[in-house]
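start_39.cif (mmCIF, C-alpha atoms)
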```
data_protein
#
loop_
_atom_site.group_PDB
_atom_site.id
_atom_site.type_symbol
_atom_site.label_atom_id
_atom_site.label_comp_id
_atom_site.auth_asym_id
_atom_site.auth_seq_id
_atom_site.Cartn_x
_atom_site.Cartn_y
_atom_site.Cartn_z
ATOM 1 C CA MET A 1 0.000 0.000 0.000
ATOM 2 C CA LEU A 2 1.178 3.523 -0.858
ATOM 3 C CA HIS A 3 0.190 6.771 0.823
ATOM 4 C CA MET A 4 -0.295 9.616 -1.644
ATOM 5 C CA ARG A 5 -0.061 13.265 -0.577
ATOM 6 C CA ILE A 6 -1.147 15.871 -3.104
ATOM 7 C CA LEU A 7 -0.874 19.647 -2.859
ATOM 8 C CA SER A 8 -3.481 20.720 -5.367
ATOM 9 C CA PRO A 9 -4.361 24.204 -6.650
ATOM 10 C CA ALA A 10 -7.960 24.939 -5.682
ATOM 11 C CA ALA A 11 -9.092 24.961 -9.316
ATOM 12 C CA MET A 12 -7.853 21.392 -9.807
ATOM 13 C CA THR A 13 -8.959 19.814 -6.548
ATOM 14 C CA ASP A 14 -12.397 18.643 -7.716
ATOM 15 C CA ASP A 15 -10.844 16.918 -10.745
ATOM 16 C CA VAL A 16 -8.187 15.320 -8.523
ATOM 17 C CA ILE A 17 -10.866 14.036 -6.148
ATOM 18 C CA GLU A 18 -12.880 12.634 -9.049
ATOM 19 C CA ILE A 19 -9.850 10.730 -10.392
ATOM 20 C CA LEU A 20 -9.065 9.236 -6.997
ATOM 21 C CA ASP A 21 -12.654 8.528 -5.996
ATOM 22 C CA ARG A 22 -13.449 6.652 -9.206
ATOM 23 C CA ASP A 23 -10.349 4.443 -9.073
ATOM 24 C CA THR A 24 -10.963 1.067 -7.459
ATOM 25 C CA GLY A 25 -7.340 0.878 -6.330
ATOM 26 C CA VAL A 26 -7.852 3.831 -3.967
ATOM 27 C CA SER A 27 -9.044 2.673 -0.554
ATOM 28 C CA GLY A 28 -8.888 5.894 1.447
ATOM 29 C CA LEU A 29 -9.442 9.513 0.484
ATOM 30 C CA ALA A 30 -9.366 12.736 2.529
ATOM 31 C CA VAL A 31 -9.365 16.419 1.616
ATOM 32 C CA VAL A 32 -8.350 19.396 3.741
ATOM 33 C CA ARG A 33 -9.711 22.466 1.972
ATOM 34 C CA GLY A 34 -7.634 25.634 1.975
ATOM 35 C CA SER A 35 -4.736 24.148 3.942
ATOM 36 C CA SER A 36 -2.077 24.555 1.257
ATOM 37 C CA LEU A 37 -0.215 27.876 1.027
ATOM 38 C CA LYS A 38 2.209 26.918 -1.782
ATOM 39 C CA PRO A 39 0.373 26.420 -4.024
ATOM 40 C CA ARG A 40 -2.770 28.161 -2.827
ATOM 41 C CA GLY A 41 -5.214 25.324 -2.609
ATOM 42 C CA ASP A 42 -5.963 22.075 -0.858
ATOM 43 C CA LEU A 43 -4.297 19.035 0.646
ATOM 44 C CA VAL A 44 -5.520 15.697 -0.708
ATOM 45 C CA LEU A 45 -4.548 12.434 1.006
ATOM 46 C CA ALA A 46 -5.148 8.989 -0.486
ATOM 47 C CA ASP A 47 -4.226 5.367 0.137
ATOM 48 C CA VAL A 48 -3.494 3.558 -3.121
ATOM 49 C CA ALA A 49 -2.730 -0.095 -3.831
ATOM 50 C CA ARG A 50 0.822 -0.266 -5.170
ATOM 51 C CA GLU A 51 -0.379 -2.164 -8.235
ATOM 52 C CA ALA A 52 -2.687 0.740 -9.166
ATOM 53 C CA ALA A 53 -0.195 3.568 -8.601
ATOM 54 C CA ASN A 54 1.021 3.967 -12.190
ATOM 55 C CA GLU A 55 -2.443 4.523 -13.649
ATOM 56 C CA VAL A 56 -3.425 6.955 -10.889
ATOM 57 C CA ILE A 57 -0.188 8.937 -11.272
ATOM 58 C CA ASP A 58 -0.545 9.051 -15.068
ATOM 59 C CA LYS A 59 -4.046 10.541 -14.739
ATOM 60 C CA LEU A 60 -2.851 13.148 -12.240
ATOM 61 C CA ARG A 61 0.103 14.053 -14.455
ATOM 62 C CA ALA A 62 -2.230 14.395 -17.454
ATOM 63 C CA LEU A 63 -4.233 16.852 -15.358
ATOM 64 C CA GLY A 64 -1.045 18.841 -14.714
ATOM 65 C CA VAL A 65 -1.052 18.552 -10.929
ATOM 66 C CA HIS A 66 2.700 17.967 -10.787
ATOM 67 C CA ARG A 67 3.378 21.220 -12.630
ATOM 68 C CA GLU A 68 1.272 23.535 -10.466
ATOM 69 C CA GLY A 69 1.290 21.493 -7.254
ATOM 70 C CA SER A 70 3.007 18.333 -6.063
ATOM 71 C CA ILE A 71 2.464 14.583 -5.805
ATOM 72 C CA GLU A 72 4.278 12.625 -3.093
ATOM 73 C CA LEU A 73 4.354 8.864 -2.507
ATOM 74 C CA ASP A 74 5.318 7.028 0.666
ATOM 75 C CA GLN A 75 5.507 3.288 1.236
ATOM 76 C CA VAL A 76 3.168 2.175 4.030
ATOM 77 C CA ARG A 77 5.024 -0.602 5.838
ATOM 78 C CA THR A 78 2.240 -1.553 8.245
ATOM 79 C CA TRP A 79 -1.443 -0.964 7.645
ATOM 80 C CA MET A 80 -4.753 -2.443 8.813
ATOM 81 C CA SER A 81 -7.701 -1.724 6.566
ATOM 82 C CA ARG A 82 -10.405 -3.936 5.134
ATOM 83 C CA SER A 83 -11.029 -1.453 2.336
ATOM 84 C CA GLY A 84 -7.286 -1.446 1.595
ATOM 85 C CA PHE A 85 -7.250 -5.237 1.466
ATOM 86 C CA ASP A 86 -10.226 -5.212 -0.894
ATOM 87 C CA ALA A 87 -8.512 -2.617 -3.098
ATOM 88 C CA GLU A 88 -5.473 -4.894 -3.458
ATOM 89 C CA LEU A 89 -7.742 -7.835 -4.311
ATOM 90 C CA ARG A 90 -9.482 -5.776 -6.982
ATOM 91 C CA THR A 91 -6.183 -4.726 -8.565
ATOM 92 C CA PRO A 92 -4.469 -7.291 -10.852
ATOM 93 C CA GLY A 93 -0.916 -8.296 -10.066
ATOM 94 C CA SER A 94 1.102 -8.571 -6.878
ATOM 95 C CA SER A 95 2.226 -5.595 -4.804
ATOM 96 C CA ALA A 96 5.719 -7.107 -4.463
ATOM 97 C CA ASP A 97 6.042 -7.262 -8.265
ATOM 98 C CA ALA A 98 4.529 -3.862 -9.001
ATOM 99 C CA VAL A 99 6.881 -1.327 -10.580
ATOM 100 C CA VAL A 100 5.999 2.264 -9.682
ATOM 101 C CA TRP A 101 7.728 4.060 -12.536
ATOM 102 C CA ALA A 102 7.630 7.507 -10.918
ATOM 103 C CA GLU A 103 9.451 6.073 -7.904
ATOM 104 C CA VAL A 104 12.025 4.321 -10.105
ATOM 105 C CA ALA A 105 12.675 7.459 -12.163
ATOM 106 C CA GLN A 106 13.060 9.635 -9.061
ATOM 107 C CA ARG A 107 15.515 7.202 -7.513
ATOM 108 C CA SER A 108 17.466 6.989 -10.766
ATOM 109 C CA TYR A 109 17.941 10.750 -10.939
ATOM 110 C CA GLU A 110 19.117 10.786 -7.320
ATOM 111 C CA GLU A 111 21.574 7.924 -7.879
ATOM 112 C CA THR A 112 23.126 9.578 -10.950
ATOM 113 C CA GLU A 113 23.890 12.910 -9.316
ATOM 114 C CA LEU A 114 27.619 13.534 -9.580
ATOM 115 C CA ASN A 115 28.381 15.014 -6.186
ATOM 116 C CA TRP A 116 31.086 14.993 -3.547
ATOM 117 C CA THR A 117 29.531 12.049 -1.701
ATOM 118 C CA TYR A 118 29.421 9.867 -4.818
ATOM 119 C CA LEU A 119 33.012 10.689 -5.758
ATOM 120 C CA SER A 120 34.202 10.116 -2.187
ATOM 121 C CA PHE A 121 32.635 6.658 -1.942
ATOM 122 C CA MET A 122 33.914 5.721 -5.391
ATOM 123 C CA THR A 123 37.448 6.878 -4.578
ATOM 124 C CA MET A 124 37.551 5.181 -1.180
ATOM 125 C CA ALA A 125 36.192 1.944 -2.639
ATOM 126 C CA THR A 126 38.805 1.982 -5.426
ATOM 127 C CA ALA A 127 41.622 2.715 -2.962
ATOM 128 C CA ILE A 128 40.522 -0.188 -0.761
ATOM 129 C CA ALA A 129 40.400 -2.388 -3.866
ATOM 130 C CA ALA A 130 43.995 -1.458 -4.708
ATOM 131 C CA ILE A 131 45.096 -2.348 -1.169
ATOM 132 C CA ALA A 132 43.187 -5.628 -1.447
ATOM 133 C CA ILE A 133 45.126 -6.482 -4.603
ATOM 134 C CA VAL A 134 48.466 -5.639 -3.023
ATOM 135 C CA LEU A 135 47.630 -7.840 -0.010
ATOM 136 C CA ASP A 136 45.828 -10.444 -2.152
ATOM 137 C CA SER A 137 42.863 -10.216 0.249
ATOM 138 C CA GLN A 138 39.424 -11.405 -0.849
ATOM 139 C CA ILE A 139 37.842 -9.877 2.248
ATOM 140 C CA LEU A 140 39.032 -6.400 1.300
ATOM 141 C CA VAL A 141 37.891 -6.962 -2.285
ATOM 142 C CA ILE A 142 34.387 -7.713 -1.009
ATOM 143 C CA GLY A 143 34.522 -4.619 1.180
ATOM 144 C CA ALA A 144 35.445 -2.480 -1.818
ATOM 145 C CA MET A 145 32.595 -3.984 -3.867
ATOM 146 C CA VAL A 146 30.023 -3.204 -1.181
ATOM 147 C CA LEU A 147 31.327 0.344 -0.710
ATOM 148 C CA GLY A 148 31.212 1.239 -4.405
ATOM 149 C CA PRO A 149 28.175 3.398 -5.359
ATOM 150 C CA GLU A 150 28.193 2.701 -9.092
ATOM 151 C CA PHE A 151 25.248 0.302 -9.384
ATOM 152 C CA GLY A 152 22.628 3.033 -9.088
ATOM 153 C CA ALA A 153 24.054 4.845 -12.119
ATOM 154 C CA ILE A 154 24.312 1.578 -14.071
ATOM 155 C CA ALA A 155 20.662 0.753 -13.335
ATOM 156 C CA ALA A 156 19.717 4.300 -14.358
ATOM 157 C CA LEU A 157 21.056 3.590 -17.858
ATOM 158 C CA GLY A 158 18.408 0.882 -18.266
ATOM 159 C CA VAL A 159 15.678 3.113 -16.834
ATOM 160 C CA ALA A 160 16.636 5.894 -19.226
ATOM 161 C CA LEU A 161 16.514 3.603 -22.268
ATOM 162 C CA VAL A 162 13.242 1.900 -21.355
ATOM 163 C CA ARG A 163 11.429 5.079 -20.309
ATOM 164 C CA ARG A 164 13.113 7.207 -23.011
ATOM 165 C CA ARG A 165 14.591 9.656 -20.514
ATOM 166 C CA PHE A 166 17.573 10.784 -22.563
ATOM 167 C CA VAL A 167 18.576 13.493 -20.099
ATOM 168 C CA LEU A 168 18.837 10.761 -17.462
ATOM 169 C CA LEU A 169 20.897 8.666 -19.885
ATOM 170 C CA GLY A 170 23.403 11.493 -20.246
ATOM 171 C CA HIS A 171 23.572 12.048 -16.484
ATOM 172 C CA ALA A 172 24.132 8.339 -15.791
ATOM 173 C CA ALA A 173 26.854 7.950 -18.442
ATOM 174 C CA ARG A 174 28.650 11.071 -17.241
ATOM 175 C CA THR A 175 28.494 9.999 -13.603
ATOM 176 C CA LEU A 176 29.919 6.572 -14.404
ATOM 177 C CA LEU A 177 32.734 7.832 -16.621
ATOM 178 C CA LEU A 178 33.791 10.748 -14.439
ATOM 179 C CA GLY A 179 33.349 8.752 -11.243
ATOM 180 C CA PHE A 180 35.606 5.927 -12.374
ATOM 181 C CA ALA A 181 38.096 8.352 -13.930
ATOM 182 C CA ALA A 182 38.376 10.419 -10.739
ATOM 183 C CA ALA A 183 38.694 7.319 -8.559
ATOM 184 C CA ILE A 184 41.417 5.825 -10.750
ATOM 185 C CA VAL A 185 43.390 9.083 -10.839
ATOM 186 C CA VAL A 186 43.267 9.575 -7.059
ATOM 187 C CA THR A 187 44.150 5.924 -6.432
ATOM 188 C CA PHE A 188 47.007 6.201 -8.936
ATOM 189 C CA LEU A 189 48.417 9.138 -6.953
ATOM 190 C CA LEU A 190 48.090 7.212 -3.701
ATOM 191 C CA VAL A 191 49.877 4.245 -5.281
ATOM 192 C CA LEU A 192 52.710 6.535 -6.348
ATOM 193 C CA ILE A 193 53.044 7.696 -2.740
ATOM 194 C CA GLY A 194 53.076 4.091 -1.550
ATOM 195 C CA ARG A 195 55.667 3.246 -4.178
ATOM 196 C CA GLY A 196 57.856 6.128 -3.095
ATOM 197 C CA LEU A 197 57.665 4.997 0.532
ATOM 198 C CA GLY A 198 58.535 1.446 -0.477
ATOM 199 C CA TRP A 199 55.194 0.073 0.740
ATOM 200 C CA ILE A 200 54.200 -1.167 -2.729
ATOM 201 C CA THR A 201 56.566 -2.822 -5.211
ATOM 202 C CA VAL A 202 56.196 -4.050 -8.757
ATOM 203 C CA ASP A 203 56.175 -7.630 -7.448
ATOM 204 C CA ASP A 204 52.894 -6.841 -5.681
ATOM 205 C CA VAL A 205 51.376 -6.100 -9.073
ATOM 206 C CA THR A 206 53.048 -8.753 -11.249
ATOM 207 C CA GLY A 207 53.536 -11.545 -8.714
ATOM 208 C CA PRO A 208 51.166 -14.486 -8.158
ATOM 209 C CA ARG A 209 47.862 -13.441 -6.610
ATOM 210 C CA PRO A 210 45.662 -16.533 -6.359
ATOM 211 C CA SER A 211 42.907 -14.831 -4.352
ATOM 212 C CA THR A 212 42.492 -11.767 -6.576
ATOM 213 C CA ALA A 213 43.686 -12.930 -10.009
ATOM 214 C CA PHE A 214 40.074 -12.957 -11.265
ATOM 215 C CA ILE A 215 40.113 -9.147 -11.236
ATOM 216 C CA TYR A 216 42.400 -8.882 -14.271
ATOM 217 C CA THR A 217 41.577 -12.191 -16.029
ATOM 218 C CA PRO A 218 38.073 -11.726 -17.486
ATOM 219 C CA ASP A 219 36.269 -14.611 -19.159
ATOM 220 C CA LYS A 220 32.759 -15.597 -20.195
ATOM 221 C CA TRP A 221 31.737 -16.085 -16.569
ATOM 222 C CA SER A 222 32.531 -12.455 -15.802
ATOM 223 C CA PHE A 223 29.901 -11.358 -18.300
ATOM 224 C CA ILE A 224 27.373 -13.995 -17.231
ATOM 225 C CA VAL A 225 27.688 -13.106 -13.543
ATOM 226 C CA ALA A 226 27.338 -9.402 -14.364
ATOM 227 C CA VAL A 227 24.128 -10.088 -16.324
ATOM 228 C CA ILE A 228 22.557 -12.199 -13.567
ATOM 229 C CA ALA A 229 23.622 -9.821 -10.797
ATOM 230 C CA ALA A 230 22.291 -6.755 -12.603
ATOM 231 C CA ALA A 231 18.945 -8.435 -13.318
ATOM 232 C CA ALA A 232 18.639 -9.294 -9.635
ATOM 233 C CA GLY A 233 19.650 -5.769 -8.654
ATOM 234 C CA VAL A 234 17.074 -4.134 -10.902
ATOM 235 C CA LEU A 235 14.354 -6.408 -9.525
ATOM 236 C CA ALA A 236 15.370 -5.404 -6.009
ATOM 237 C CA LEU A 237 15.317 -1.705 -6.909
ATOM 238 C CA THR A 238 11.950 -1.746 -8.682
ATOM 239 C CA SER A 239 9.986 -4.064 -6.398
ATOM 240 C CA ALA A 240 8.947 -3.718 -2.785
ATOM 241 C CA LYS A 241 11.740 -6.111 -1.791
ATOM 242 C CA ALA A 242 15.330 -4.745 -1.684
ATOM 243 C CA ALA A 243 17.037 -7.650 0.081
ATOM 244 C CA GLY A 244 18.944 -8.740 -3.031
ATOM 245 C CA LEU A 245 21.102 -5.640 -3.446
ATOM 246 C CA ALA A 246 23.934 -6.799 -1.184
ATOM 247 C CA GLY A 247 24.408 -9.875 -3.367
ATOM 248 C CA VAL A 248 24.709 -7.658 -6.438
ATOM 249 C CA PHE A 249 27.429 -5.511 -4.885
ATOM 250 C CA ILE A 250 29.656 -8.490 -4.068
ATOM 251 C CA SER A 251 29.140 -10.303 -7.373
ATOM 252 C CA VAL A 252 30.718 -7.946 -9.900
ATOM 253 C CA THR A 253 34.279 -6.647 -10.084
ATOM 254 C CA THR A 254 33.872 -3.102 -11.365
ATOM 255 C CA VAL A 255 35.572 -1.268 -8.490
ATOM 256 C CA PRO A 256 38.346 -3.873 -8.014
ATOM 257 C CA ALA A 257 39.128 -3.645 -11.728
ATOM 258 C CA ALA A 258 39.430 0.136 -11.406
ATOM 259 C CA GLY A 259 41.832 -0.303 -8.486
ATOM 260 C CA ASN A 260 43.996 -2.682 -10.496
ATOM 261 C CA ILE A 261 44.064 -0.229 -13.414
ATOM 262 C CA ALA A 262 45.514 2.397 -11.064
ATOM 263 C CA LEU A 263 48.165 -0.066 -9.867
ATOM 264 C CA GLY A 264 49.032 -1.092 -13.409
ATOM 265 C CA VAL A 265 49.425 2.510 -14.580
ATOM 266 C CA ALA A 266 51.584 3.428 -11.584
ATOM 267 C CA PHE A 267 54.021 0.578 -12.320
ATOM 268 C CA GLY A 268 53.649 0.476 -16.116
ATOM 269 C CA VAL A 269 52.294 -3.088 -16.145
ATOM 270 C CA GLY A 270 50.403 -3.411 -19.422
ATOM 271 C CA ASP A 271 48.814 -6.796 -18.699
ATOM 272 C CA ALA A 272 47.252 -5.480 -15.506
ATOM 273 C CA ILE A 273 45.945 -2.367 -17.267
ATOM 274 C CA TRP A 274 44.372 -4.079 -20.274
ATOM 275 C CA GLY A 275 43.095 -7.126 -18.403
ATOM 276 C CA SER A 276 41.405 -4.961 -15.782
ATOM 277 C CA THR A 277 40.047 -2.554 -18.408
ATOM 278 C CA LEU A 278 38.468 -5.467 -20.253
ATOM 279 C CA GLN A 279 37.064 -6.805 -16.989
ATOM 280 C CA LEU A 280 35.570 -3.392 -16.201
ATOM 281 C CA ALA A 281 34.098 -3.046 -19.693
ATOM 282 C CA LEU A 282 32.584 -6.556 -19.593
ATOM 283 C CA ASN A 283 30.986 -5.941 -16.221
ATOM 284 C CA LEU A 284 29.591 -2.513 -17.084
ATOM 285 C CA SER A 285 28.219 -3.604 -20.465
ATOM 286 C CA GLY A 286 26.731 -6.816 -19.050
ATOM 287 C CA MET A 287 25.067 -4.970 -16.181
ATOM 288 C CA ALA A 288 23.725 -2.195 -18.418
ATOM 289 C CA LEU A 289 22.277 -4.674 -20.935
ATOM 290 C CA ALA A 290 20.747 -6.840 -18.225
ATOM 291 C CA GLY A 291 19.245 -3.810 -16.497
ATOM 292 C CA TRP A 292 17.691 -2.632 -19.745
ATOM 293 C CA ALA A 293 16.321 -6.095 -20.612
ATOM 294 C CA THR A 294 14.867 -6.628 -17.130
ATOM 295 C CA LEU A 295 13.162 -3.231 -17.094
ATOM 296 C CA ALA A 296 11.851 -3.707 -20.643
ATOM 297 C CA LEU A 297 10.346 -7.057 -19.611
ATOM 298 C CA GLN A 298 8.802 -5.508 -16.506
ATOM 299 C CA GLN A 299 7.313 -2.699 -18.558
ATOM 300 C CA ALA A 300 5.848 -5.172 -21.046
ATOM 301 C CA VAL A 301 4.351 -7.300 -18.265
ATOM 302 C CA TRP A 302 2.869 -4.324 -16.433
ATOM 303 C CA SER A 303 1.424 -2.948 -19.654
ATOM 304 C CA ARG A 304 -0.615 -6.152 -19.893
ATOM 305 C CA VAL A 305 -1.577 -5.867 -16.242
ATOM 306 C CA ALA A 306 -2.772 -2.314 -16.882
ATOM 307 C CA VAL A 307 -4.998 -3.548 -19.721
ATOM 308 C CA ARG A 308 -6.484 -6.205 -17.447
ATOM 309 C CA ARG A 309 -7.065 -3.582 -14.775
ATOM 310 C CA ALA A 310 -8.805 -1.236 -17.213
ATOM 311 C CA LYS A 311 -11.164 -4.057 -18.215
ATOM 312 C CA ALA A 312 -11.779 -4.951 -14.583
ATOM 313 C CA MET A 313 -12.592 -1.329 -13.691
ATOM 314 C CA SER A 314 -15.196 -1.228 -16.454
ATOM 315 C CA ARG A 315 -17.137 -4.051 -14.750
ATOM 316 C CA PRO A 316 -19.015 -3.655 -11.451
ATOM 317 C CA TYR A 317 -17.174 -5.209 -8.521
ATOM 318 C CA ARG A 318 -19.026 -7.792 -6.457
ATOM 319 C CA MET A 319 -17.902 -8.806 -3.001
ATOM 320 C CA LEU A 320 -17.198 -12.527 -2.622
#
```
Mind turning the file's structure into structure tokens?
Amino acid sequence: MLHMRILSPAAMTDDVIEILDRDTGVSGLAVVRGSSLKPRGDLVLADVAREAANEVIDKLRALGVHREGSIELDQVRTWMSRSGFDAELRTPGSSADAVVWAEVAQRSYEETELNWTYLSFMTMATAIAAIAIVLDSQILVIGAMVLGPEFGAIAALGVALVRRRFVLLGHAARTLLLGFAAAIVVTFLLVLIGRGLGWITVDDVTGPRPSTAFIYTPDKWSFIVAVIAAAAGVLALTSAKAAGLAGVFISVTTVPAAGNIALGVAFGVGDAIWGSTLQLALNLSGMALAGWATLALQQAVWSRVAVRRAKAMSRPYRML
């Protein structure tokens, strides 16, 4: 169940109420007249079944509420309502599977913002990855994977392609490229300092590393794992269940590959540079393609659900 909060200009409120009142996926509706100061108008509160949210939001957007007022959505974690239960029964599909596209788009824009926090996490994750390679430590590699913030921007590429948000596509691509570039440059400088202090030697880069050799030796499994992990990650991001994200972060070697590129450049080791670059490219391309395919499939499925719902709304509902 979702809680919808609408600040509606007074001239639009009656139309907003009509849209919400006529929708069978809306189980609760309240209006506080004259309570909104910006914009001058009314506050409308509604409880909406998650499966019905896309159609309700599309109707409100067509009315122009989002341009002159605002529409806010909050996930209701615990609720007790017979009318809410009936609304979910009347709405085709499962709430756990429902993709609320406005929520996905909003999250994508937030995840692709190139800011100090994003660059800091990316740089720290890449530096930890470089240390993990020097020490040949799988535990530190996993830590670097979890710390890296890049998956949100990768998932945003798929959202942008499926929903045709080309501005978002540009933001996501820029954030990925500049984020990895900045992290590699900073890590490269740190490696040079470590080299000058004698803490890191060329043997640490070229010597046998059985626990972390997979970082610079990509193969078909690298691509396959990236595809599966990204599909799982997108499902976790778009559904009501986000438990699968941790598994995504520790399945792909994007950040560790960036750390090894910095090490390879600092010591002039071509094999490390090109092997890690290929690993990074395979992972990013596999994740982007899988994210796009998963979102495209979800959109196709929910388009059919929307058709079923439209047919169901045209028939009178009878209590069982």
I'd like the contact shell of Leu295 (chain A) - 9 Å cut-off, all atoms listed in the file, skipping same-chain residues fewer than 2 positions apart - returned as a PDB file with C-alpha atoms, in the frame of the given file.
```
ATOM      1  CA  GLY A 158      18.408   0.882 -18.266  1.00  0.00           C
ATOM      2  CA  VAL A 159      15.678   3.113 -16.834  1.00  0.00           C
ATOM      3  CA  VAL A 162      13.242   1.900 -21.355  1.00  0.00           C
ATOM      4  CA  ALA A 231      18.945  -8.435 -13.318  1.00  0.00           C
ATOM      5  CA  VAL A 234      17.074  -4.134 -10.902  1.00  0.00           C
ATOM      6  CA  LEU A 235      14.354  -6.408  -9.525  1.00  0.00           C
ATOM      7  CA  THR A 238      11.950  -1.746  -8.682  1.00  0.00           C
ATOM      8  CA  ALA A 290      20.747  -6.840 -18.225  1.00  0.00           C
ATOM      9  CA  GLY A 291      19.245  -3.810 -16.497  1.00  0.00           C
ATOM     10  CA  TRP A 292      17.691  -2.632 -19.745  1.00  0.00           C
ATOM     11  CA  ALA A 293      16.321  -6.095 -20.612  1.00  0.00           C
ATOM     12  CA  LEU A 297      10.346  -7.057 -19.611  1.00  0.00           C
ATOM     13  CA  GLN A 298       8.802  -5.508 -16.506  1.00  0.00           C
ATOM     14  CA  GLN A 299       7.313  -2.699 -18.558  1.00  0.00           C
ATOM     15  CA  ALA A 300       5.848  -5.172 -21.046  1.00  0.00           C
TER      16      ALA A 300
END
```
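When all atoms listed in the file are used to compute distances to Pro256 (chain A), the closest of the residues A:Met145, A:Leu114, A:Leu282, A:Ala62 turns out to be A:Met145.
Residues matched by the PyMOL selection byres ((chain A and resi 40) around 12) in this file: Leu7, Ser8, Pro9, Ala10, Ala11, Met12, Thr13, Arg33, Gly34, Ser35, Ser36, Leu37, Lys38, Pro39, Gly41, Asp42, Leu43, Glu68, Gly69 and Ser70 of chain A.
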Draw an axis-aligned box tight on the listed atoms of region 100-104 of chain A, then pad every side by 6 Å and write out centre and edge lengths in Å to one decimal as JSON.
```
{"center_x": 9.0, "center_y": 4.9, "center_z": -10.2, "size_x": 18.0, "size_y": 17.2, "size_z": 16.6}
```
*Residue neighbourhood Ala102 (chain A), 12 Å, all atoms listed in the file, exclusion window fewer than 5 positions, as a ChimeraX atom specification*: /A:50,53-58,60-61,66,71-74,107-109,159,163,238
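Atom pair CA of Ile261 (chain A) / CA of Gly207 (chain A): separated by 15.5 Å.
Under the PyMOL selection byres ((chain A and resi 81) around 12), the matching residues in the shown file are A:Met1, A:Val26, A:Ser27, A:Gly28, A:Asp47, A:Val48, A:Ala49, A:Val76, A:Thr78, A:Trp79, A:Met80, A:Arg82, A:Ser83, A:Gly84, A:Phe85, A:Asp86, A:Ala87, A:Glu88.
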